[in-house]
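Notes to accompany the following structure.
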Amino acid sequence: MKLKKLLEHDFIQEFQSVLITEFEKELFRASLRNYCSHGNPLRFHNFAFAMRELVLHVIDRRAPNDKVVKASWYEVESEKFEVTRRQKLKFCAQGYLADAYLDVYDLEEVNDSIKEFLKKFNFFNKYTHITEKHFRPCPNKFYADMKYITQLSQEVIEEMALLENYVVNRVEGYIQDEIFDKVVNNFPDELSILASNVIIEETHPEKLEIVAIGEYKVVINVLGTVYVSQEYGKGEDFVAMSNNYPFTVTLDVSVSDPSDIGLDDEDIKVDTSSWFE
């Protein structure tokens, strides 16, 4: 089968969609060129080896050694490698986040997922090793195995993103109540521009989202609504109006200690533009 025709197959196009960098896309096409080298009995083995390197490159892109070693959970666990593949996958899952952000169940879930990932990754060994039994080309089997390798490679790459999403969602759930309380208890009295007297009736945080996980801090956005009573005039001229306004909060939390929450008044922004329209 020629490369042009092979590139039209759905499973090939689906795999290309999970690749990010130009190098990854070029390496995949080069892998397919190996497969399409008819007459070379090693064409399938060369393809499998190149695909193995492609998956490793994706892992290295998501978890480079110089970042992994800066994670608070990192410790040397191999005399041969500064960073093990298990640690790279752990970084893909939780980045710099300390284990304190996860409970025992979630840490077990992450570790089990990594074990399963490594088990799946070992499937490459079956195809990259050259034996007399698999040396002679069989076009139908080569195609079936090529498709299997491509689809399984896509699966393991997508599982890295799924595991990261799992960790982020769980962490957001764990820290939400404490951060919501922090926002409510530190809400500024900055609505006085709306009336002579503004009474904050209720502050209602509604959504929390982790927007970045850095080496030292986790950046978090909180969206919510503040309900107020705006009072005007005195005596017979007294008027009270109920209103509500959306607010946003951007705050930092220590990447190593989820209880270390940094929140200042200026971090809370109330959108009162609707009152002046």
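Convention: chains lettered A, B, ... in structure tokens order; per-chain residue numbering from 1; ligands numbered from 1 as shown.
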List every residue of range 246-274 of chain A that has an atom at most 12 Å from any atom of range 71-92 of chain A, giving for each one its closest atom pair and the distance in Å to one decimal, counting only C-alpha atoms, sorted by chain and then by ascending residue number, as a Markdown table.
| residue | atom | partner | partner_atom | distance |
| --- | --- | --- | --- | --- |
| A:Ser254 | CA | A:Ser72 | CA | 11.1 |
| A:Val255 | CA | A:Ser72 | CA | 8.3 |
| A:Ser256 | CA | A:Ser72 | CA | 6.5 |
| A:Asp257 | CA | A:Ser72 | CA | 10.0 |
Shell around range 22-38 of chain A at 9 Å using only C-alpha atoms, local window under 4 positions removed, as a PDB file with N, CA and C atoms, in the first residue's frame:
ATOM      1  N   MET A   1       0.832  -1.190   0.000  1.00  0.00           N
ATOM      2  CA  MET A   1       0.000   0.000   0.000  1.00  0.00           C
ATOM      3  C   MET A   1       0.875   1.251   0.000  1.00  0.00           C
ATOM      4  N   LYS A   2       0.522   2.223  -0.849  1.00  0.00           N
ATOM      5  CA  LYS A   2       1.290   3.453  -0.931  1.00  0.00           C
ATOM      6  C   LYS A   2       0.906   4.411   0.197  1.00  0.00           C
ATOM      7  N   LEU A   3       1.864   5.278   0.549  1.00  0.00           N
ATOM      8  CA  LEU A   3       1.663   6.198   1.663  1.00  0.00           C
ATOM      9  C   LEU A   3       0.448   7.088   1.454  1.00  0.00           C
ATOM     10  N   LEU A   6      -2.598   5.230   2.306  1.00  0.00           N
ATOM     11  CA  LEU A   6      -2.636   4.898   3.730  1.00  0.00           C
ATOM     12  C   LEU A   6      -3.071   6.099   4.568  1.00  0.00           C
ATOM     13  N   LEU A   7      -2.645   7.294   4.172  1.00  0.00           N
ATOM     14  CA  LEU A   7      -2.981   8.508   4.918  1.00  0.00           C
ATOM     15  C   LEU A   7      -4.473   8.829   4.880  1.00  0.00           C
ATOM     16  N   GLN A  16      -3.344  11.095  13.898  1.00  0.00           N
ATOM     17  CA  GLN A  16      -2.700  12.371  13.614  1.00  0.00           C
ATOM     18  C   GLN A  16      -3.314  13.502  14.430  1.00  0.00           C
ATOM     19  N   LEU A  42      12.094  -5.897   6.990  1.00  0.00           N
ATOM     20  CA  LEU A  42      12.113  -5.225   8.290  1.00  0.00           C
ATOM     21  C   LEU A  42      11.185  -4.007   8.333  1.00  0.00           C
ATOM     22  N   ARG A  43      10.379  -3.829   7.299  1.00  0.00           N
ATOM     23  CA  ARG A  43       9.593  -2.597   7.220  1.00  0.00           C
ATOM     24  C   ARG A  43       8.625  -2.467   8.399  1.00  0.00           C
ATOM     25  N   PHE A  44       8.022  -3.583   8.821  1.00  0.00           N
ATOM     26  CA  PHE A  44       7.082  -3.510   9.932  1.00  0.00           C
ATOM     27  C   PHE A  44       7.805  -3.278  11.255  1.00  0.00           C
ATOM     28  N   HIS A  45       8.922  -3.948  11.457  1.00  0.00           N
ATOM     29  CA  HIS A  45       9.689  -3.756  12.690  1.00  0.00           C
ATOM     30  C   HIS A  45      10.197  -2.316  12.796  1.00  0.00           C
ATOM     31  N   ASN A  46      10.640  -1.770  11.653  1.00  0.00           N
ATOM     32  CA  ASN A  46      11.093  -0.375  11.655  1.00  0.00           C
ATOM     33  C   ASN A  46       9.942   0.570  11.993  1.00  0.00           C
ATOM     34  N   PHE A  47       8.775   0.252  11.466  1.00  0.00           N
ATOM     35  CA  PHE A  47       7.590   1.056  11.782  1.00  0.00           C
ATOM     36  C   PHE A  47       7.288   1.004  13.276  1.00  0.00           C
ATOM     37  N   ALA A  48       7.294  -0.184  13.843  1.00  0.00           N
ATOM     38  CA  ALA A  48       6.977  -0.352  15.257  1.00  0.00           C
ATOM     39  C   ALA A  48       7.988   0.379  16.141  1.00  0.00           C
ATOM     40  N   PHE A  49       9.261   0.290  15.768  1.00  0.00           N
ATOM     41  CA  PHE A  49      10.297   0.983  16.546  1.00  0.00           C
ATOM     42  C   PHE A  49      10.099   2.490  16.491  1.00  0.00           C
ATOM     43  N   ALA A  50       9.810   3.019  15.293  1.00  0.00           N
ATOM     44  CA  ALA A  50       9.610   4.458  15.154  1.00  0.00           C
ATOM     45  C   ALA A  50       8.383   4.923  15.935  1.00  0.00           C
ATOM     46  N   MET A  51       7.329   4.125  15.962  1.00  0.00           N
ATOM     47  CA  MET A  51       6.128   4.475  16.719  1.00  0.00           C
ATOM     48  C   MET A  51       6.411   4.460  18.222  1.00  0.00           C
ATOM     49  N   GLU A  53       9.259   5.257  19.553  1.00  0.00           N
ATOM     50  CA  GLU A  53       9.980   6.494  19.816  1.00  0.00           C
ATOM     51  C   GLU A  53       9.035   7.703  19.779  1.00  0.00           C
ATOM     52  N   LEU A  54       8.023   7.642  18.943  1.00  0.00           N
ATOM     53  CA  LEU A  54       7.061   8.735  18.860  1.00  0.00           C
ATOM     54  C   LEU A  54       6.288   8.869  20.175  1.00  0.00           C
ATOM     55  N   VAL A  55       5.831   7.762  20.709  1.00  0.00           N
ATOM     56  CA  VAL A  55       5.106   7.801  21.981  1.00  0.00           C
ATOM     57  C   VAL A  55       6.018   8.299  23.099  1.00  0.00           C
ATOM     58  N   HIS A  57       8.491  10.319  22.732  1.00  0.00           N
ATOM     59  CA  HIS A  57       8.678  11.750  22.520  1.00  0.00           C
ATOM     60  C   HIS A  57       7.499  12.531  23.090  1.00  0.00           C
ATOM     61  N   VAL A  58       6.282  12.027  22.906  1.00  0.00           N
ATOM     62  CA  VAL A  58       5.105  12.703  23.457  1.00  0.00           C
ATOM     63  C   VAL A  58       5.199  12.757  24.984  1.00  0.00           C
ATOM     64  N   PHE A 142       0.686  -7.860   8.654  1.00  0.00           N
ATOM     65  CA  PHE A 142       1.408  -6.604   8.850  1.00  0.00           C
ATOM     66  C   PHE A 142       0.427  -5.435   8.936  1.00  0.00           C
ATOM     67  N   TYR A 143      -0.565  -5.445   8.061  1.00  0.00           N
ATOM     68  CA  TYR A 143      -1.545  -4.351   8.080  1.00  0.00           C
ATOM     69  C   TYR A 143      -2.350  -4.375   9.377  1.00  0.00           C
ATOM     70  N   MET A 146      -0.116  -3.217  12.145  1.00  0.00           N
ATOM     71  CA  MET A 146       0.153  -1.784  12.009  1.00  0.00           C
ATOM     72  C   MET A 146      -1.033  -0.972  12.524  1.00  0.00           C
TER      73      MET A 146
END
Notebook entry, point to check: Per DSSP on the backbone, what are the helix (DSSP H, G or I) residues of range 91-181 of chain A, as a ChimeraX atom specification?
Noted result: /A:91-94,99-101,104-121,123-128,139-181
Give me a file of those residues, with C-alpha atoms, as a tab-separated table (two decimals), in the first residue's frame.
chain	number	residue	atom	x	y	z
A	91	PHE	CA	4.12	14.29	36.15
A	92	CYS	CA	1.81	13.96	33.15
A	93	ALA	CA	-0.99	13.25	35.63
A	94	GLN	CA	-0.40	15.82	38.38
A	99	ASP	CA	0.59	14.37	46.85
A	100	ALA	CA	-1.12	16.31	49.67
A	101	TYR	CA	-3.62	17.53	47.08
A	104	VAL	CA	-5.21	7.86	49.39
A	105	TYR	CA	-7.84	6.58	46.97
A	106	ASP	CA	-6.84	9.03	44.24
A	107	LEU	CA	-3.14	8.35	44.66
A	108	GLU	CA	-3.89	4.64	44.26
A	109	GLU	CA	-5.95	5.43	41.17
A	110	VAL	CA	-3.06	7.40	39.66
A	111	ASN	CA	-0.55	4.65	40.48
A	112	ASP	CA	-2.82	1.93	39.08
A	113	SER	CA	-3.36	3.93	35.89
A	114	ILE	CA	0.39	4.36	35.49
A	115	LYS	CA	0.95	0.63	35.97
A	116	GLU	CA	-1.68	-0.12	33.34
A	117	PHE	CA	-0.12	2.43	31.00
A	118	LEU	CA	3.33	0.86	31.37
A	119	LYS	CA	1.82	-2.55	30.77
A	120	LYS	CA	0.24	-1.34	27.54
A	121	PHE	CA	3.43	0.40	26.50
A	123	PHE	CA	3.34	-4.14	23.74
A	124	PHE	CA	5.96	-2.43	21.55
A	125	ASN	CA	8.55	-5.00	22.61
A	126	LYS	CA	6.61	-7.72	20.89
A	127	TYR	CA	6.93	-5.97	17.54
A	128	THR	CA	10.34	-4.35	17.70
A	139	PRO	CA	0.92	-8.31	4.12
A	140	ASN	CA	-2.43	-9.01	5.77
A	141	LYS	CA	-0.95	-9.56	9.23
A	142	PHE	CA	1.41	-6.60	8.85
A	143	TYR	CA	-1.54	-4.35	8.08
A	144	ALA	CA	-3.59	-5.67	11.01
A	145	ASP	CA	-0.64	-5.24	13.38
A	146	MET	CA	0.15	-1.78	12.01
A	147	LYS	CA	-3.45	-0.72	12.64
A	148	TYR	CA	-3.33	-2.21	16.14
A	149	ILE	CA	-0.10	-0.38	17.00
A	150	THR	CA	-1.46	2.92	15.69
A	151	GLN	CA	-4.74	2.65	17.59
A	152	LEU	CA	-3.09	1.50	20.81
A	153	SER	CA	-0.54	4.33	20.53
A	154	GLN	CA	-3.43	6.78	20.27
A	155	GLU	CA	-5.09	5.16	23.26
A	156	VAL	CA	-2.06	5.49	25.53
A	157	ILE	CA	-1.50	9.12	24.47
A	158	GLU	CA	-5.14	10.02	25.14
A	159	GLU	CA	-5.05	8.25	28.49
A	160	MET	CA	-2.36	10.67	29.65
A	161	ALA	CA	-4.73	13.59	29.06
A	162	LEU	CA	-7.62	11.72	30.70
A	163	LEU	CA	-5.54	11.02	33.79
A	164	GLU	CA	-4.51	14.67	34.02
A	165	ASN	CA	-8.17	15.73	33.75
A	166	TYR	CA	-9.08	13.23	36.46
A	167	VAL	CA	-6.50	14.67	38.85
A	168	VAL	CA	-7.46	18.29	38.16
A	169	ASN	CA	-11.18	17.57	38.61
A	170	ARG	CA	-10.59	15.76	41.90
A	171	VAL	CA	-8.32	18.52	43.22
A	172	GLU	CA	-10.84	21.21	42.27
A	173	GLY	CA	-13.45	19.33	44.28
A	174	TYR	CA	-11.21	18.99	47.33
A	175	ILE	CA	-10.14	22.63	47.58
A	176	GLN	CA	-13.43	24.22	46.53
A	177	ASP	CA	-15.10	24.57	49.94
A	178	GLU	CA	-12.06	26.06	51.66
A	179	ILE	CA	-11.44	28.55	48.88
A	180	PHE	CA	-15.13	29.49	48.65
A	181	ASP	CA	-15.10	30.21	52.41
Could you pull out all residues of range 162-253 of chain A with a DSSP call of strand (DSSP E) and give them as a PDB file with N, CA and C atoms, in the first residue's frame?
ATOM      1  N   ASN A 197     -25.437  53.726  50.695  1.00  0.00           N
ATOM      2  CA  ASN A 197     -25.233  52.603  51.600  1.00  0.00           C
ATOM      3  C   ASN A 197     -25.494  51.315  50.841  1.00  0.00           C
ATOM      4  N   VAL A 198     -24.527  50.464  50.789  1.00  0.00           N
ATOM      5  CA  VAL A 198     -24.659  49.178  50.104  1.00  0.00           C
ATOM      6  C   VAL A 198     -24.462  48.068  51.129  1.00  0.00           C
ATOM      7  N   ILE A 199     -25.474  47.257  51.279  1.00  0.00           N
ATOM      8  CA  ILE A 199     -25.399  46.139  52.221  1.00  0.00           C
ATOM      9  C   ILE A 199     -25.232  44.852  51.419  1.00  0.00           C
ATOM     10  N   ILE A 200     -24.160  44.140  51.678  1.00  0.00           N
ATOM     11  CA  ILE A 200     -23.937  42.864  51.001  1.00  0.00           C
ATOM     12  C   ILE A 200     -24.779  41.809  51.704  1.00  0.00           C
ATOM     13  N   GLU A 201     -25.798  41.324  51.014  1.00  0.00           N
ATOM     14  CA  GLU A 201     -26.714  40.348  51.598  1.00  0.00           C
ATOM     15  C   GLU A 201     -26.131  38.939  51.550  1.00  0.00           C
ATOM     16  N   GLU A 202     -25.515  38.606  50.429  1.00  0.00           N
ATOM     17  CA  GLU A 202     -24.971  37.248  50.263  1.00  0.00           C
ATOM     18  C   GLU A 202     -23.885  37.246  49.210  1.00  0.00           C
ATOM     19  N   THR A 203     -22.821  36.538  49.483  1.00  0.00           N
ATOM     20  CA  THR A 203     -21.765  36.308  48.498  1.00  0.00           C
ATOM     21  C   THR A 203     -21.804  34.841  48.125  1.00  0.00           C
ATOM     22  N   HIS A 204     -22.004  34.579  46.854  1.00  0.00           N
ATOM     23  CA  HIS A 204     -22.238  33.199  46.422  1.00  0.00           C
ATOM     24  C   HIS A 204     -21.224  32.767  45.374  1.00  0.00           C
ATOM     25  N   PRO A 205     -20.084  32.193  45.777  1.00  0.00           N
ATOM     26  CA  PRO A 205     -19.163  31.608  44.796  1.00  0.00           C
ATOM     27  C   PRO A 205     -19.845  30.427  44.106  1.00  0.00           C
ATOM     28  N   GLU A 206     -19.660  30.316  42.803  1.00  0.00           N
ATOM     29  CA  GLU A 206     -20.391  29.304  42.057  1.00  0.00           C
ATOM     30  C   GLU A 206     -19.513  28.317  41.292  1.00  0.00           C
ATOM     31  N   LYS A 207     -18.354  28.749  40.869  1.00  0.00           N
ATOM     32  CA  LYS A 207     -17.519  27.874  40.035  1.00  0.00           C
ATOM     33  C   LYS A 207     -16.049  28.114  40.343  1.00  0.00           C
ATOM     34  N   LEU A 208     -15.308  27.024  40.457  1.00  0.00           N
ATOM     35  CA  LEU A 208     -13.858  27.098  40.681  1.00  0.00           C
ATOM     36  C   LEU A 208     -13.167  26.341  39.555  1.00  0.00           C
ATOM     37  N   GLU A 209     -12.085  26.919  39.068  1.00  0.00           N
ATOM     38  CA  GLU A 209     -11.343  26.280  37.972  1.00  0.00           C
ATOM     39  C   GLU A 209      -9.849  26.501  38.153  1.00  0.00           C
ATOM     40  N   ILE A 210      -9.090  25.424  38.062  1.00  0.00           N
ATOM     41  CA  ILE A 210      -7.627  25.528  38.040  1.00  0.00           C
ATOM     42  C   ILE A 210      -7.218  25.925  36.632  1.00  0.00           C
ATOM     43  N   VAL A 211      -6.529  27.046  36.504  1.00  0.00           N
ATOM     44  CA  VAL A 211      -6.155  27.527  35.169  1.00  0.00           C
ATOM     45  C   VAL A 211      -4.681  27.301  34.867  1.00  0.00           C
ATOM     46  N   ALA A 212      -3.858  27.070  35.894  1.00  0.00           N
ATOM     47  CA  ALA A 212      -2.432  26.817  35.657  1.00  0.00           C
ATOM     48  C   ALA A 212      -1.825  26.163  36.892  1.00  0.00           C
ATOM     49  N   ILE A 213      -0.908  25.237  36.648  1.00  0.00           N
ATOM     50  CA  ILE A 213      -0.144  24.601  37.723  1.00  0.00           C
ATOM     51  C   ILE A 213       1.321  24.841  37.437  1.00  0.00           C
ATOM     52  N   LYS A 217       3.201  27.628  42.364  1.00  0.00           N
ATOM     53  CA  LYS A 217       1.826  27.968  42.733  1.00  0.00           C
ATOM     54  C   LYS A 217       0.816  27.404  41.734  1.00  0.00           C
ATOM     55  N   VAL A 218      -0.399  27.253  42.244  1.00  0.00           N
ATOM     56  CA  VAL A 218      -1.540  26.863  41.435  1.00  0.00           C
ATOM     57  C   VAL A 218      -2.403  28.111  41.267  1.00  0.00           C
ATOM     58  N   VAL A 219      -2.682  28.484  40.035  1.00  0.00           N
ATOM     59  CA  VAL A 219      -3.508  29.661  39.768  1.00  0.00           C
ATOM     60  C   VAL A 219      -4.956  29.203  39.599  1.00  0.00           C
ATOM     61  N   ILE A 220      -5.842  29.832  40.364  1.00  0.00           N
ATOM     62  CA  ILE A 220      -7.240  29.409  40.405  1.00  0.00           C
ATOM     63  C   ILE A 220      -8.155  30.594  40.130  1.00  0.00           C
ATOM     64  N   ASN A 221      -9.179  30.351  39.340  1.00  0.00           N
ATOM     65  CA  ASN A 221     -10.233  31.340  39.102  1.00  0.00           C
ATOM     66  C   ASN A 221     -11.504  30.895  39.805  1.00  0.00           C
ATOM     67  N   VAL A 222     -12.187  31.857  40.428  1.00  0.00           N
ATOM     68  CA  VAL A 222     -13.484  31.603  41.048  1.00  0.00           C
ATOM     69  C   VAL A 222     -14.488  32.579  40.450  1.00  0.00           C
ATOM     70  N   LEU A 223     -15.618  32.060  40.021  1.00  0.00           N
ATOM     71  CA  LEU A 223     -16.708  32.894  39.509  1.00  0.00           C
ATOM     72  C   LEU A 223     -17.876  32.816  40.476  1.00  0.00           C
ATOM     73  N   GLY A 224     -18.607  33.930  40.620  1.00  0.00           N
ATOM     74  CA  GLY A 224     -19.743  33.910  41.524  1.00  0.00           C
ATOM     75  C   GLY A 224     -20.620  35.130  41.370  1.00  0.00           C
ATOM     76  N   THR A 225     -21.544  35.270  42.287  1.00  0.00           N
ATOM     77  CA  THR A 225     -22.492  36.384  42.279  1.00  0.00           C
ATOM     78  C   THR A 225     -22.600  36.960  43.683  1.00  0.00           C
ATOM     79  N   VAL A 226     -22.583  38.280  43.782  1.00  0.00           N
ATOM     80  CA  VAL A 226     -22.789  38.949  45.062  1.00  0.00           C
ATOM     81  C   VAL A 226     -24.162  39.619  45.029  1.00  0.00           C
ATOM     82  N   TYR A 227     -24.954  39.368  46.061  1.00  0.00           N
ATOM     83  CA  TYR A 227     -26.309  39.925  46.175  1.00  0.00           C
ATOM     84  C   TYR A 227     -26.277  41.076  47.175  1.00  0.00           C
ATOM     85  N   VAL A 228     -26.813  42.229  46.788  1.00  0.00           N
ATOM     86  CA  VAL A 228     -26.709  43.433  47.613  1.00  0.00           C
ATOM     87  C   VAL A 228     -28.049  44.138  47.735  1.00  0.00           C
ATOM     88  N   SER A 229     -28.117  44.975  48.745  1.00  0.00           N
ATOM     89  CA  SER A 229     -29.225  45.919  48.906  1.00  0.00           C
ATOM     90  C   SER A 229     -28.639  47.313  48.801  1.00  0.00           C
ATOM     91  N   GLN A 230     -29.102  48.088  47.823  1.00  0.00           N
ATOM     92  CA  GLN A 230     -28.613  49.450  47.605  1.00  0.00           C
ATOM     93  C   GLN A 230     -29.628  50.436  48.192  1.00  0.00           C
ATOM     94  N   GLU A 231     -29.190  51.241  49.151  1.00  0.00           N
ATOM     95  CA  GLU A 231     -30.078  52.153  49.863  1.00  0.00           C
ATOM     96  C   GLU A 231     -29.787  53.595  49.478  1.00  0.00           C
ATOM     97  N   TYR A 232     -30.881  54.345  49.225  1.00  0.00           N
ATOM     98  CA  TYR A 232     -30.755  55.739  48.813  1.00  0.00           C
ATOM     99  C   TYR A 232     -31.694  56.607  49.656  1.00  0.00           C
ATOM    100  N   VAL A 239     -35.161  54.773  49.686  1.00  0.00           N
ATOM    101  CA  VAL A 239     -35.438  53.711  48.719  1.00  0.00           C
ATOM    102  C   VAL A 239     -34.376  52.618  48.872  1.00  0.00           C
ATOM    103  N   ALA A 240     -34.816  51.386  48.894  1.00  0.00           N
ATOM    104  CA  ALA A 240     -33.890  50.243  48.940  1.00  0.00           C
ATOM    105  C   ALA A 240     -34.131  49.376  47.715  1.00  0.00           C
ATOM    106  N   MET A 241     -33.062  49.042  47.031  1.00  0.00           N
ATOM    107  CA  MET A 241     -33.164  48.228  45.819  1.00  0.00           C
ATOM    108  C   MET A 241     -32.274  46.994  45.951  1.00  0.00           C
ATOM    109  N   SER A 242     -32.851  45.861  45.606  1.00  0.00           N
ATOM    110  CA  SER A 242     -32.061  44.619  45.604  1.00  0.00           C
ATOM    111  C   SER A 242     -31.445  44.429  44.235  1.00  0.00           C
ATOM    112  N   ASN A 243     -30.209  43.973  44.232  1.00  0.00           N
ATOM    113  CA  ASN A 243     -29.526  43.762  42.974  1.00  0.00           C
ATOM    114  C   ASN A 243     -28.471  42.687  43.146  1.00  0.00           C
ATOM    115  N   ASN A 244     -27.909  42.241  42.044  1.00  0.00           N
ATOM    116  CA  ASN A 244     -26.819  41.268  42.120  1.00  0.00           C
ATOM    117  C   ASN A 244     -25.844  41.523  40.982  1.00  0.00           C
ATOM    118  N   TYR A 245     -24.583  41.194  41.230  1.00  0.00           N
ATOM    119  CA  TYR A 245     -23.521  41.455  40.267  1.00  0.00           C
ATOM    120  C   TYR A 245     -22.565  40.260  40.228  1.00  0.00           C
ATOM    121  N   PRO A 246     -22.076  39.935  39.044  1.00  0.00           N
ATOM    122  CA  PRO A 246     -21.095  38.852  38.943  1.00  0.00           C
ATOM    123  C   PRO A 246     -19.725  39.309  39.446  1.00  0.00           C
ATOM    124  N   PHE A 247     -18.967  38.376  39.985  1.00  0.00           N
ATOM    125  CA  PHE A 247     -17.609  38.690  40.394  1.00  0.00           C
ATOM    126  C   PHE A 247     -16.667  37.569  39.984  1.00  0.00           C
ATOM    127  N   THR A 248     -15.413  37.917  39.845  1.00  0.00           N
ATOM    128  CA  THR A 248     -14.366  36.942  39.542  1.00  0.00           C
ATOM    129  C   THR A 248     -13.228  37.116  40.545  1.00  0.00           C
ATOM    130  N   VAL A 249     -12.585  36.024  40.853  1.00  0.00           N
ATOM    131  CA  VAL A 249     -11.444  36.037  41.771  1.00  0.00           C
ATOM    132  C   VAL A 249     -10.319  35.232  41.139  1.00  0.00           C
ATOM    133  N   THR A 250      -9.133  35.804  41.111  1.00  0.00           N
ATOM    134  CA  THR A 250      -7.944  35.066  40.699  1.00  0.00           C
ATOM    135  C   THR A 250      -7.002  35.010  41.888  1.00  0.00           C
ATOM    136  N   LEU A 251      -6.673  33.812  42.322  1.00  0.00           N
ATOM    137  CA  LEU A 251      -5.834  33.663  43.507  1.00  0.00           C
ATOM    138  C   LEU A 251      -4.815  32.555  43.303  1.00  0.00           C
ATOM    139  N   ASP A 252      -3.829  32.549  44.180  1.00  0.00           N
ATOM    140  CA  ASP A 252      -2.751  31.559  44.117  1.00  0.00           C
ATOM    141  C   ASP A 252      -2.809  30.647  45.338  1.00  0.00           C
ATOM    142  N   VAL A 253      -2.483  29.379  45.110  1.00  0.00           N
ATOM    143  CA  VAL A 253      -2.345  28.410  46.191  1.00  0.00           C
ATOM    144  C   VAL A 253      -0.989  27.741  46.035  1.00  0.00           C
TER     145      VAL A 253
END
Next item on the list: Calculate how many Å separate CA of Lys70 in chain A from CA of Lys182 in chain A, rounding to one decimal.
Entry: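 Interatomic distance here is 28.8 Å.
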Note to self: Just the number, please: distance in Å from CA of Tyr96 in chain A to CA of Ile20 in chain A, one decimal.
What the structure shows: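 Taking CA of Tyr96 in chain A and CA of Ile20 in chain A, their separation equals 21.8 Å.
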